[in-house]
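Single-structure report; data block below.
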Amino acid sequence: MARVSQEHLDARRRQILDGAARCFARDGFHATSMQDVFKEVGLSAGAVYRYFGGKDDLIAAIAGEAVGGVRQAFERAARVSPPPTPDVLIGRVVRTLFGDDAERRGGLDPRAYAGLIVQVWSETLRSERLAATLGEAYEGLRVSWAELVGEYRASGMLAAGVPDEHIARTLIATAQGLIVQLAMFGDAGPEVLENGLRGLMSMDLQRAS
């Protein structure tokens, strides 16, 4: 029997994950059955179970990819010196995640993909396994963003007095908030976040005080 190439195995795994993501985005995690996934991807149960033990494994894999995508987008956007200002940085991250490359999102449109991410977050309240996976990923993301804030401070762009971690958490929360708005209302794009942050950064605090 001919050996199956790694490229073929990877492509089949991708096919299953993309199909499951479409099912989850359309019907939700709990309303989607494994039979729904088999039908969506056009594969037998045995073919799917070769890669994933069940629905929880599919959810965990999709969750890992979603969080990893956020971190990779941030690292690419921040790979310049001096680092881009927060409005530019977060705008680049959001554009990477929700831009025109629908193939990278398994064919999901931006709103559906944002909804899938929100589902993943809510699922952490139920699943200890998923909570541990996302908790570890979030910790890595928080550390990376705190390091970036340190670069802002070292370059003189940011005054001392506020802990780097607090600013990092606020930047992450800003990106998370936009994802929630996009999932719920569908009318929040990268330019909204960029313009809003730019407006806040332009405030004259001396005049306000």
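Quick note on naming: the chains in the structure tokens go A, B, ... in the order shown, residues restart at 1 in each chain, and ligands are numbered from 1 in order of appearance.
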
Using only C-alpha atoms, determine which residues lie at most 6 Å from range 14-20 of chain A, disregarding the query and same-chain residues fewer than 6 positions distant; provide the list as number ranges by chain.
A: 37, 40-41, 106

If we count only C-alpha atoms, what is near Lys39 in chain A at a cut-off of 12 Å, once residues fewer than 4 positions away on the same chain are taken out, given as a list in words?
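What passes the distance filter is Ile16, Gly19, Ala20, Arg22, Cys23, Thr32, Ser33, Met34, Gln35, Leu43, Ser44, Ala45 and Val48 of chain A.
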
Residue subset to file, keeping N, CA and C atoms, as a JSON list (two decimals), in the first residue's frame:
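File written: again.json
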```
[["chain", "number", "residue", "atom", "x", "y", "z"],
["A", 16, "ILE", "N", -11.06, 19.14, 7.27],
["A", 16, "ILE", "CA", -11.95, 18.81, 8.38],
["A", 16, "ILE", "C", -12.14, 20.02, 9.29],
["A", 19, "GLY", "N", -14.31, 22.68, 7.60],
["A", 19, "GLY", "CA", -15.71, 22.27, 7.57],
["A", 19, "GLY", "C", -16.36, 22.36, 8.94],
["A", 20, "ALA", "N", -15.64, 21.92, 9.96],
["A", 20, "ALA", "CA", -16.18, 22.02, 11.33],
["A", 20, "ALA", "C", -16.38, 23.47, 11.72],
["A", 22, "ARG", "N", -17.11, 25.95, 9.80],
["A", 22, "ARG", "CA", -18.32, 26.45, 9.13],
["A", 22, "ARG", "C", -19.58, 25.97, 9.87],
["A", 23, "CYS", "N", -19.57, 24.71, 10.30],
["A", 23, "CYS", "CA", -20.71, 24.18, 11.06],
["A", 23, "CYS", "C", -20.88, 24.94, 12.37],
["A", 32, "THR", "N", -24.25, 21.58, 16.91],
["A", 32, "THR", "CA", -23.57, 20.86, 15.84],
["A", 32, "THR", "C", -23.19, 19.47, 16.32],
["A", 33, "SER", "N", -23.53, 18.46, 15.54],
["A", 33, "SER", "CA", -23.16, 17.08, 15.86],
["A", 33, "SER", "C", -22.00, 16.65, 14.98],
["A", 34, "MET", "N", -21.38, 15.56, 15.34],
["A", 34, "MET", "CA", -20.32, 15.03, 14.49],
["A", 34, "MET", "C", -20.88, 14.61, 13.13],
["A", 35, "GLN", "N", -22.14, 14.14, 13.10],
["A", 35, "GLN", "CA", -22.76, 13.80, 11.83],
["A", 35, "GLN", "C", -22.84, 15.03, 10.92],
["A", 43, "LEU", "N", -16.84, 13.43, 4.25],
["A", 43, "LEU", "CA", -15.96, 12.32, 4.62],
["A", 43, "LEU", "C", -16.69, 11.36, 5.55],
["A", 44, "SER", "N", -16.19, 10.14, 5.62],
["A", 44, "SER", "CA", -16.77, 9.15, 6.51],
["A", 44, "SER", "C", -16.37, 9.44, 7.95],
["A", 45, "ALA", "N", -17.08, 8.82, 8.89],
["A", 45, "ALA", "CA", -16.73, 8.97, 10.31],
["A", 45, "ALA", "C", -15.31, 8.51, 10.56],
["A", 48, "VAL", "N", -12.70, 11.09, 9.56],
["A", 48, "VAL", "CA", -12.61, 12.24, 10.46],
["A", 48, "VAL", "C", -11.98, 11.83, 11.79]]
```

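For range 171-182 of chain A, the non-local neighbours within 9 Å, defined as residues at least 6 positions apart in the same chain or in other chains and counting only C-alpha atoms, are A:Pro86, A:Ile90, A:Gly91, A:Val93, A:Val94, A:Pro110, A:Arg111, A:Ala112, A:Ala114, A:Gly115, A:Ile117, A:Val118, A:Leu141, A:Arg142, A:Trp145, A:Ala188, A:Gly189, A:Pro190, A:Val192, A:Leu193.
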
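Minimum atom-to-atom distance to Arg79 in chain A, evaluated using only C-alpha atoms, belongs to A:Leu148 out of A:Leu108, A:Tyr113, A:Leu148, A:Asp187.
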
Using only C-alpha atoms for the distances, tell me which of A:Ala31, A:Ser202, A:Val143, A:Ala63 is nearest to Ser127 in chain A.
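Of A:Ala31, A:Ser202, A:Val143, A:Ala63, the one nearest Ser127 in chain A is A:Ala63, counting only C-alpha atoms.
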
Kindly indicate which residue among A:Leu9, A:Ala78, A:Leu97, A:Ala137 lies nearest to Glu151 in chain A, using only C-alpha atoms for the distances.
A:Ala78

So which one's closest to Val70 in chain A, A:Leu58, A:Asp109, A:Gly199, A:Ser144? Using only C-alpha atoms, please.
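Between A:Leu58, A:Asp109, A:Gly199, A:Ser144, the residue approaching Val70 in chain A most closely is A:Ser144.
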
For Glu191 in chain A, find every residue with an atom within 10 Å (counting only C-alpha atoms), except residues of its own chain fewer than 6 positions away, and show them as a list in words.
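So the residues in contact are Asp87, Val88, Gly91, Arg92, Val94, Arg95 and Leu197 of chain A.
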
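In this comparison, which uses only C-alpha atoms, the residue of A:Ala60, A:Asp164, A:Leu158, A:Gln119 approaching Met201 in chain A most closely is A:Leu158.
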
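Considering only C-alpha atoms, the residue among A:Gln6, A:Thr170, A:Gln72, A:Thr124 positioned nearest to Val149 in chain A is A:Thr170.
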
Quick one: pull the distance between CA of Ser155 in chain A and CA of Tyr138 in chain A, Å, one decimal.
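We find that CA of Ser155 in chain A and CA of Tyr138 in chain A lie 25.7 Å from each other.
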
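Pairwise distance (CA of Gly54 in chain A, CA of Phe98 in chain A) equals 28.0 Å.
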
Neighbour list for range 160-162 of chain A as number ranges by chain, cut-off 10 Å, only C-alpha atoms, skip fewer than 6 positions in-chain
A: 150, 153-154

Write the residues you've just listed into a file as a PDB file, in the first residue's frame, and include N, CA and C atoms for each of them.
```
ATOM      1  N   GLY A 150       6.875  48.227  26.907  1.00  0.00           N
ATOM      2  CA  GLY A 150       8.195  48.589  27.408  1.00  0.00           C
ATOM      3  C   GLY A 150       9.018  49.298  26.355  1.00  0.00           C
ATOM      4  N   ARG A 153       7.921  52.840  26.101  1.00  0.00           N
ATOM      5  CA  ARG A 153       8.469  53.632  27.199  1.00  0.00           C
ATOM      6  C   ARG A 153       9.952  53.941  26.963  1.00  0.00           C
ATOM      7  N   ALA A 154      10.700  52.934  26.511  1.00  0.00           N
ATOM      8  CA  ALA A 154      12.132  53.120  26.291  1.00  0.00           C
ATOM      9  C   ALA A 154      12.408  54.131  25.181  1.00  0.00           C
TER      10      ALA A 154
END
```

Give me, please, the distance in Å between CA of Ala21 in chain A and CA of Gly135 in chain A, quoted to one decimal.
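It comes out at 21.1 Å.
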